[in-house]
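File shown here: data36.cif, holding mmCIF, C-alpha atoms.
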```
data_my_file
loop_
_atom_site.group_PDB
_atom_site.id
_atom_site.type_symbol
_atom_site.label_atom_id
_atom_site.label_comp_id
_atom_site.auth_asym_id
_atom_site.auth_seq_id
_atom_site.Cartn_x
_atom_site.Cartn_y
_atom_site.Cartn_z
ATOM 1 C CA MET A 112 0.000 0.000 0.000
ATOM 2 C CA GLN A 113 2.821 2.364 0.784
ATOM 3 C CA ASN A 114 3.856 2.629 -2.867
ATOM 4 C CA VAL A 115 0.659 4.306 -4.069
ATOM 5 C CA ILE A 116 2.063 7.818 -3.884
ATOM 6 C CA ALA A 117 5.785 8.573 -3.880
ATOM 7 C CA ILE A 118 7.138 11.866 -2.525
ATOM 8 C CA ASN A 119 10.573 13.436 -2.595
ATOM 9 C CA PRO A 120 12.336 14.716 0.541
ATOM 10 C CA ALA A 121 11.957 18.329 -0.554
ATOM 11 C CA ALA A 122 8.195 18.005 -0.291
ATOM 12 C CA ARG A 123 8.173 16.865 3.314
ATOM 13 C CA GLN A 124 8.280 20.345 4.816
ATOM 14 C CA SER A 125 5.177 21.478 2.968
ATOM 15 C CA ILE A 126 3.477 18.201 3.839
ATOM 16 C CA ALA A 127 4.145 18.746 7.525
ATOM 17 C CA ALA A 128 2.713 22.247 7.296
ATOM 18 C CA ALA A 129 -0.404 20.908 5.628
ATOM 19 C CA GLN A 130 -1.216 18.204 8.178
ATOM 20 C CA SER A 131 -4.065 20.273 9.618
ATOM 21 C CA THR A 132 -5.602 20.915 6.191
ATOM 22 C CA SER A 133 -9.190 19.676 5.858
ATOM 23 C CA ASP A 134 -9.974 16.663 3.690
ATOM 24 C CA GLU A 135 -12.084 18.844 1.401
ATOM 25 C CA THR A 136 -9.181 21.225 0.834
ATOM 26 C CA LEU A 137 -6.883 18.288 0.163
ATOM 27 C CA LEU A 138 -9.276 16.977 -2.461
ATOM 28 C CA ARG A 139 -9.306 20.334 -4.205
ATOM 29 C CA GLY A 140 -5.524 20.180 -4.257
ATOM 30 C CA ILE A 141 -5.601 16.634 -5.597
ATOM 31 C CA ALA A 142 -7.981 17.736 -8.341
ATOM 32 C CA ASP A 143 -5.311 20.273 -9.331
ATOM 33 C CA GLY A 144 -2.629 17.573 -9.405
ATOM 34 C CA ASN A 145 -1.049 18.257 -5.999
ATOM 35 C CA ARG A 146 0.819 15.069 -5.050
ATOM 36 C CA ASN A 147 1.564 16.335 -1.556
ATOM 37 C CA ALA A 148 -2.159 16.644 -0.899
ATOM 38 C CA MET A 149 -2.634 13.116 -2.217
ATOM 39 C CA HIS A 150 0.048 11.778 0.104
ATOM 40 C CA ILE A 151 -1.516 13.483 3.139
ATOM 41 C CA LEU A 152 -5.002 12.179 2.332
ATOM 42 C CA TYR A 153 -3.626 8.682 1.816
ATOM 43 C CA SER A 154 -1.691 8.780 5.089
ATOM 44 C CA ARG A 155 -4.771 10.027 6.911
ATOM 45 C CA HIS A 156 -7.244 7.440 5.636
ATOM 46 C CA ASN A 157 -5.470 4.369 4.238
ATOM 47 C CA VAL A 158 -5.659 2.326 7.462
ATOM 48 C CA ARG A 159 -9.387 2.938 7.886
ATOM 49 C CA VAL A 160 -10.061 2.092 4.250
ATOM 50 C CA TYR A 161 -7.927 -1.045 4.510
ATOM 51 C CA ARG A 162 -9.751 -2.298 7.616
ATOM 52 C CA PHE A 163 -13.125 -1.556 6.027
ATOM 53 C CA ILE A 164 -12.236 -3.517 2.890
ATOM 54 C CA LEU A 165 -10.691 -6.352 4.886
ATOM 55 C CA ARG A 166 -13.940 -6.893 6.759
ATOM 56 C CA ILE A 167 -15.701 -7.353 3.425
ATOM 57 C CA VAL A 168 -13.213 -9.464 1.465
ATOM 58 C CA ARG A 169 -11.430 -11.186 4.385
ATOM 59 C CA ASP A 170 -8.239 -11.484 2.389
ATOM 60 C CA SER A 171 -5.328 -9.232 3.352
ATOM 61 C CA THR A 172 -3.598 -9.368 -0.037
ATOM 62 C CA MET A 173 -6.798 -8.500 -1.877
ATOM 63 C CA ALA A 174 -7.522 -5.728 0.638
ATOM 64 C CA GLU A 175 -4.105 -4.148 0.063
ATOM 65 C CA ASP A 176 -4.584 -4.250 -3.701
ATOM 66 C CA LEU A 177 -8.023 -2.687 -3.394
ATOM 67 C CA VAL A 178 -6.763 0.116 -1.154
ATOM 68 C CA SER A 179 -4.302 1.029 -3.893
ATOM 69 C CA GLN A 180 -7.141 1.018 -6.419
ATOM 70 C CA VAL A 181 -9.307 3.211 -4.185
ATOM 71 C CA PHE A 182 -6.678 5.920 -3.856
ATOM 72 C CA LEU A 183 -5.752 5.748 -7.522
ATOM 73 C CA ASP A 184 -9.433 6.396 -8.234
ATOM 74 C CA VAL A 185 -9.324 9.336 -5.837
ATOM 75 C CA TRP A 186 -6.328 10.745 -7.700
ATOM 76 C CA ARG A 187 -8.149 10.416 -11.005
ATOM 77 C CA THR A 188 -11.634 11.518 -9.941
ATOM 78 C CA ALA A 189 -11.113 14.083 -7.161
ATOM 79 C CA ARG A 190 -12.938 16.694 -9.259
ATOM 80 C CA GLN A 191 -16.105 14.590 -9.071
ATOM 81 C CA PHE A 192 -16.421 15.044 -5.301
ATOM 82 C CA GLU A 193 -19.349 17.402 -4.756
ATOM 83 C CA GLY A 194 -19.171 17.805 -0.995
ATOM 84 C CA ARG A 195 -22.546 16.195 -0.325
ATOM 85 C CA SER A 196 -20.963 13.926 2.300
ATOM 86 C CA GLN A 197 -17.783 13.753 4.320
ATOM 87 C CA VAL A 198 -14.665 12.790 2.393
ATOM 88 C CA SER A 199 -14.307 9.692 4.584
ATOM 89 C CA THR A 200 -17.830 8.619 3.606
ATOM 90 C CA TRP A 201 -16.989 9.126 -0.073
ATOM 91 C CA LEU A 202 -13.830 7.043 0.336
ATOM 92 C CA LEU A 203 -15.735 4.195 1.967
ATOM 93 C CA SER A 204 -18.320 4.305 -0.825
ATOM 94 C CA ILE A 205 -15.551 3.826 -3.372
ATOM 95 C CA ALA A 206 -13.979 1.127 -1.197
ATOM 96 C CA ARG A 207 -17.266 -0.752 -0.847
ATOM 97 C CA PHE A 208 -17.860 -0.735 -4.595
ATOM 98 C CA LYS A 209 -14.324 -2.002 -5.225
ATOM 99 C CA ALA A 210 -14.615 -4.727 -2.607
ATOM 100 C CA LEU A 211 -17.999 -6.023 -3.778
ATOM 101 C CA THR A 212 -16.862 -5.959 -7.393
ATOM 102 C CA ALA A 213 -13.762 -7.965 -6.470
ATOM 103 C CA LEU A 214 -15.887 -10.524 -4.635
ATOM 104 C CA ARG A 215 -18.200 -10.918 -7.612
ATOM 105 C CA GLN A 216 -15.246 -11.381 -9.901
ATOM 106 C CA ARG A 217 -13.986 -14.181 -7.704
ATOM 107 C CA ARG A 218 -17.512 -15.633 -7.576
ATOM 108 C CA PHE A 219 -17.977 -15.866 -3.866
ATOM 109 C CA GLU A 220 -19.794 -13.591 -1.423
ATOM 110 C CA ASP A 221 -18.683 -14.840 1.955
ATOM 111 C CA ILE A 222 -15.385 -16.176 3.262
ATOM 112 C CA ASP A 223 -14.416 -17.683 6.575
ATOM 113 C CA GLN A 224 -13.166 -14.956 8.886
ATOM 114 C CA ASP A 225 -10.589 -17.019 10.800
ATOM 115 C CA ASP A 226 -7.649 -15.252 9.178
ATOM 116 C CA VAL A 227 -8.792 -11.791 10.321
ATOM 117 C CA ARG A 228 -6.976 -10.759 13.488
ATOM 118 C CA GLU A 229 -7.117 -7.537 15.456
ATOM 119 C CA ILE A 230 -3.785 -5.929 16.402
ATOM 120 C CA ALA A 231 -3.501 -5.740 20.187
ATOM 121 C CA ASP A 232 -2.761 -2.407 21.848
ATOM 122 C CA GLU A 233 0.963 -2.361 22.605
ATOM 123 C CA ALA A 234 0.271 -0.606 25.898
ATOM 124 C CA ASP A 235 -1.746 -3.561 27.183
ATOM 125 C CA THR A 236 -0.322 -6.130 29.535
ATOM 126 C CA PRO A 237 -0.182 -9.708 28.177
ATOM 127 C CA GLU A 238 -3.189 -10.603 30.340
ATOM 128 C CA VAL A 239 -5.272 -7.684 29.087
ATOM 129 C CA SER A 240 -4.214 -8.402 25.509
ATOM 130 C CA LEU A 241 -5.277 -12.020 25.869
ATOM 131 C CA GLU A 242 -8.662 -11.051 27.298
ATOM 132 C CA ARG A 243 -9.152 -8.422 24.577
ATOM 133 C CA ALA A 244 -8.227 -10.912 21.855
ATOM 134 C CA SER A 245 -10.626 -13.489 23.289
ATOM 135 C CA THR A 246 -13.521 -11.030 23.396
ATOM 136 C CA SER A 247 -12.699 -9.739 19.912
ATOM 137 C CA GLU A 248 -12.637 -13.299 18.604
ATOM 138 C CA ILE A 249 -16.077 -13.979 20.077
ATOM 139 C CA LEU A 250 -17.415 -10.732 18.603
ATOM 140 C CA ARG A 251 -15.980 -11.516 15.161
ATOM 141 C CA ALA A 252 -17.459 -14.989 15.269
ATOM 142 C CA CYS A 253 -20.888 -13.609 16.169
ATOM 143 C CA VAL A 254 -20.741 -10.852 13.534
ATOM 144 C CA ALA A 255 -19.769 -13.475 10.950
ATOM 145 C CA LYS A 256 -23.054 -15.282 11.647
ATOM 146 C CA LEU A 257 -25.124 -12.253 10.641
ATOM 147 C CA SER A 258 -26.491 -11.876 7.131
ATOM 148 C CA PRO A 259 -24.242 -9.896 4.742
ATOM 149 C CA ALA A 260 -26.581 -6.876 4.928
ATOM 150 C CA HIS A 261 -26.687 -6.865 8.742
ATOM 151 C CA ARG A 262 -22.959 -7.528 9.008
ATOM 152 C CA GLU A 263 -22.302 -4.523 6.784
ATOM 153 C CA ILE A 264 -24.428 -2.274 9.011
ATOM 154 C CA ILE A 265 -22.606 -3.380 12.171
ATOM 155 C CA ASN A 266 -19.265 -2.845 10.437
ATOM 156 C CA LEU A 267 -20.077 0.725 9.416
ATOM 157 C CA VAL A 268 -21.831 1.821 12.610
ATOM 158 C CA TYR A 269 -19.596 0.239 15.235
ATOM 159 C CA TYR A 270 -16.200 -0.116 13.588
ATOM 160 C CA HIS A 271 -16.287 3.038 11.460
ATOM 161 C CA GLU A 272 -18.649 5.105 13.638
ATOM 162 C CA LYS A 273 -20.787 6.240 10.713
ATOM 163 C CA SER A 274 -24.143 7.909 11.209
ATOM 164 C CA VAL A 275 -27.384 6.561 9.747
ATOM 165 C CA GLU A 276 -27.223 9.219 7.044
ATOM 166 C CA GLU A 277 -23.624 8.335 6.180
ATOM 167 C CA VAL A 278 -24.342 4.604 6.106
ATOM 168 C CA GLY A 279 -27.224 5.219 3.725
ATOM 169 C CA ALA A 280 -24.927 7.217 1.448
ATOM 170 C CA ILE A 281 -22.255 4.517 1.482
ATOM 171 C CA ILE A 282 -24.471 1.522 0.727
ATOM 172 C CA GLY A 283 -27.069 3.368 -1.341
ATOM 173 C CA VAL A 284 -30.268 2.729 0.644
ATOM 174 C CA PRO A 285 -32.784 5.035 2.384
ATOM 175 C CA GLN A 286 -32.147 6.008 5.988
ATOM 176 C CA SER A 287 -35.299 4.146 7.029
ATOM 177 C CA THR A 288 -33.812 0.949 5.604
ATOM 178 C CA VAL A 289 -30.572 1.560 7.480
ATOM 179 C CA LYS A 290 -32.506 1.988 10.733
ATOM 180 C CA THR A 291 -34.490 -1.185 10.149
ATOM 181 C CA ARG A 292 -31.406 -3.228 9.335
ATOM 182 C CA MET A 293 -29.569 -1.781 12.308
ATOM 183 C CA PHE A 294 -32.432 -2.683 14.654
ATOM 184 C CA TYR A 295 -32.527 -6.308 13.546
ATOM 185 C CA ALA A 296 -28.743 -6.564 13.336
ATOM 186 C CA ARG A 297 -28.339 -5.270 16.889
ATOM 187 C CA ARG A 298 -31.025 -7.609 18.216
ATOM 188 C CA GLN A 299 -29.587 -10.663 16.486
ATOM 189 C CA LEU A 300 -26.020 -9.806 17.465
ATOM 190 C CA ALA A 301 -27.025 -9.222 21.092
ATOM 191 C CA ASP A 302 -28.647 -12.672 21.167
ATOM 192 C CA LEU A 303 -25.551 -14.265 19.659
ATOM 193 C CA LEU A 304 -23.260 -12.486 22.108
ATOM 194 C CA ARG A 305 -25.374 -13.463 25.103
ATOM 195 C CA GLY A 306 -25.220 -17.052 23.912
ATOM 196 C CA ALA A 307 -21.437 -16.743 23.804
ATOM 197 C CA GLY A 308 -21.246 -15.254 27.293
ATOM 198 C CA VAL A 309 -20.773 -11.587 26.274
ATOM 199 C CA ASN A 310 -23.457 -9.289 27.613
ATOM 200 C CA SER A 311 -23.128 -6.152 25.470
ATOM 201 C CA LEU A 312 -21.956 -4.842 22.113
ATOM 202 C CA ALA A 313 -19.529 -2.564 23.894
ATOM 203 C CA ALA A 314 -17.616 -5.606 25.137
#
```

Can you give me the file's structure in the form of structure tokens?
Amino acid sequence: MQNVIAINPAARQSIAAAQSTSDETLLRGIADGNRNAMHILYSRHNVRVYRFILRIVRDSTMAEDLVSQVFLDVWRTARQFEGRSQVSTWLLSIARFKALTALRQRRFEDIDQDDVREIADEADTPEVSLERASTSEILRACVAKLSPAHREIINLVYYHEKSVEEVGAIIGVPQSTVKTRMFYARRQLADLLRGAGVNSLAA
């Protein structure tokens, strides 16, 4: 992923000065061919986009390839951003389209999630890390049992902290549909978690 945008050392000073620049301003710069702006946007969002794609395709190599494709699309189509949503929402919309297209091309819609692993917080003690990993494993297993539509809602709302409006924009459905799916997804997931000995989504 790190080879998507190359920068020269002379550009680093201006990049550092631009770290506080808004995503919208960066996109305007990208539309004008500013590679520094592209590098900053990539650095700011590539991990989130990667994790989002990984939860859909469940293949790290494919996810890395798709992240590159997402940001190459951003470089080519930055002028098409109309500001109707947050830049992060726009990025996840592109990422979702890429991921679903890749799955269709490989002719499968669901893959076992065993290879997906969360990275433990380095500040945790070994005991806390073990407990966190165990709880995360239970949560992943329960989420994997949801339907694709409900799993997608949980992914966007809980892992990416998107609002109902933003989720609707990303997956292309009305807000009422998002709310309905979220209600049933939460209820089903809560039942699955209780059955696994976890009492709340927050765990």

| Among the residues A:Ile249, A:Ile205, A:Thr212, A:Ile265, the one that comes closest to Gly283 of chain A [using only C-alpha atoms] | A:Ile205

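Closest approach to Phe192 of chain A among A:Asp176, A:Asp302, A:Glu276, A:Asp134 is made by A:Asp134 (distances from all atoms listed in the file).
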
| Chain and number of each residue from the PyMOL selection byres ((chain A and resi 183-186) around 12), as number ranges by chain | A: 112, 114-116, 137-150, 152-153, 156-157, 176-182, 187-192, 198-199, 201-206, 208-209

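Between Arg159 of chain A and the candidates A:Ser131, A:Arg298, A:Ser287, A:His271, the tightest atom-to-atom separation, counting only C-alpha atoms, involves A:His271.
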
| task | Up to 12 Å from (-15.4, -7.6, 4.5) in the file's coordinates: name the residues, counting all atoms listed in the file, as an MDAnalysis selection string. | result | chainID A and resid 160:171 173:174 177 206:211 213:214 220:224 226:227 251 254:255 259:260 262:267 270

Restricted to C-alpha atoms, what would the selected residues look like written as a JSON list (two decimals), keeping the file's coordinate frame?
```json
[["chain", "number", "residue", "atom", "x", "y", "z"],
["A", 160, "VAL", "CA", -10.06, 2.09, 4.25],
["A", 161, "TYR", "CA", -7.93, -1.04, 4.51],
["A", 162, "ARG", "CA", -9.75, -2.30, 7.62],
["A", 163, "PHE", "CA", -13.12, -1.56, 6.03],
["A", 164, "ILE", "CA", -12.24, -3.52, 2.89],
["A", 165, "LEU", "CA", -10.69, -6.35, 4.89],
["A", 166, "ARG", "CA", -13.94, -6.89, 6.76],
["A", 167, "ILE", "CA", -15.70, -7.35, 3.42],
["A", 168, "VAL", "CA", -13.21, -9.46, 1.46],
["A", 169, "ARG", "CA", -11.43, -11.19, 4.38],
["A", 170, "ASP", "CA", -8.24, -11.48, 2.39],
["A", 171, "SER", "CA", -5.33, -9.23, 3.35],
["A", 173, "MET", "CA", -6.80, -8.50, -1.88],
["A", 174, "ALA", "CA", -7.52, -5.73, 0.64],
["A", 177, "LEU", "CA", -8.02, -2.69, -3.39],
["A", 206, "ALA", "CA", -13.98, 1.13, -1.20],
["A", 207, "ARG", "CA", -17.27, -0.75, -0.85],
["A", 208, "PHE", "CA", -17.86, -0.74, -4.60],
["A", 209, "LYS", "CA", -14.32, -2.00, -5.22],
["A", 210, "ALA", "CA", -14.62, -4.73, -2.61],
["A", 211, "LEU", "CA", -18.00, -6.02, -3.78],
["A", 213, "ALA", "CA", -13.76, -7.96, -6.47],
["A", 214, "LEU", "CA", -15.89, -10.52, -4.64],
["A", 220, "GLU", "CA", -19.79, -13.59, -1.42],
["A", 221, "ASP", "CA", -18.68, -14.84, 1.96],
["A", 222, "ILE", "CA", -15.38, -16.18, 3.26],
["A", 223, "ASP", "CA", -14.42, -17.68, 6.58],
["A", 224, "GLN", "CA", -13.17, -14.96, 8.89],
["A", 226, "ASP", "CA", -7.65, -15.25, 9.18],
["A", 227, "VAL", "CA", -8.79, -11.79, 10.32],
["A", 251, "ARG", "CA", -15.98, -11.52, 15.16],
["A", 254, "VAL", "CA", -20.74, -10.85, 13.53],
["A", 255, "ALA", "CA", -19.77, -13.48, 10.95],
["A", 259, "PRO", "CA", -24.24, -9.90, 4.74],
["A", 260, "ALA", "CA", -26.58, -6.88, 4.93],
["A", 262, "ARG", "CA", -22.96, -7.53, 9.01],
["A", 263, "GLU", "CA", -22.30, -4.52, 6.78],
["A", 264, "ILE", "CA", -24.43, -2.27, 9.01],
["A", 265, "ILE", "CA", -22.61, -3.38, 12.17],
["A", 266, "ASN", "CA", -19.26, -2.84, 10.44],
["A", 267, "LEU", "CA", -20.08, 0.72, 9.42],
["A", 270, "TYR", "CA", -16.20, -0.12, 13.59]]
```

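For the pair atom CA of His261 of chain A and atom CA of Thr288 of chain A, the interatomic distance is 11.0 Å.
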
| task | Could you check how far atom CA of Gly308 of chain A sits from atom CA of Tyr269 of chain A, in Å to one decimal? | result | 19.7 Å

| field | atom CA of Glu135 of chain A to atom CA of Lys290 of chain A, straight-line distance in Å | value | 28.1 Å

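Ranking A:Ser133, A:Gly194, A:Arg217, A:Lys273 by their shortest atom-to-atom distance to Arg155 of chain A, with all atoms listed in the file included, puts A:Ser133 first.
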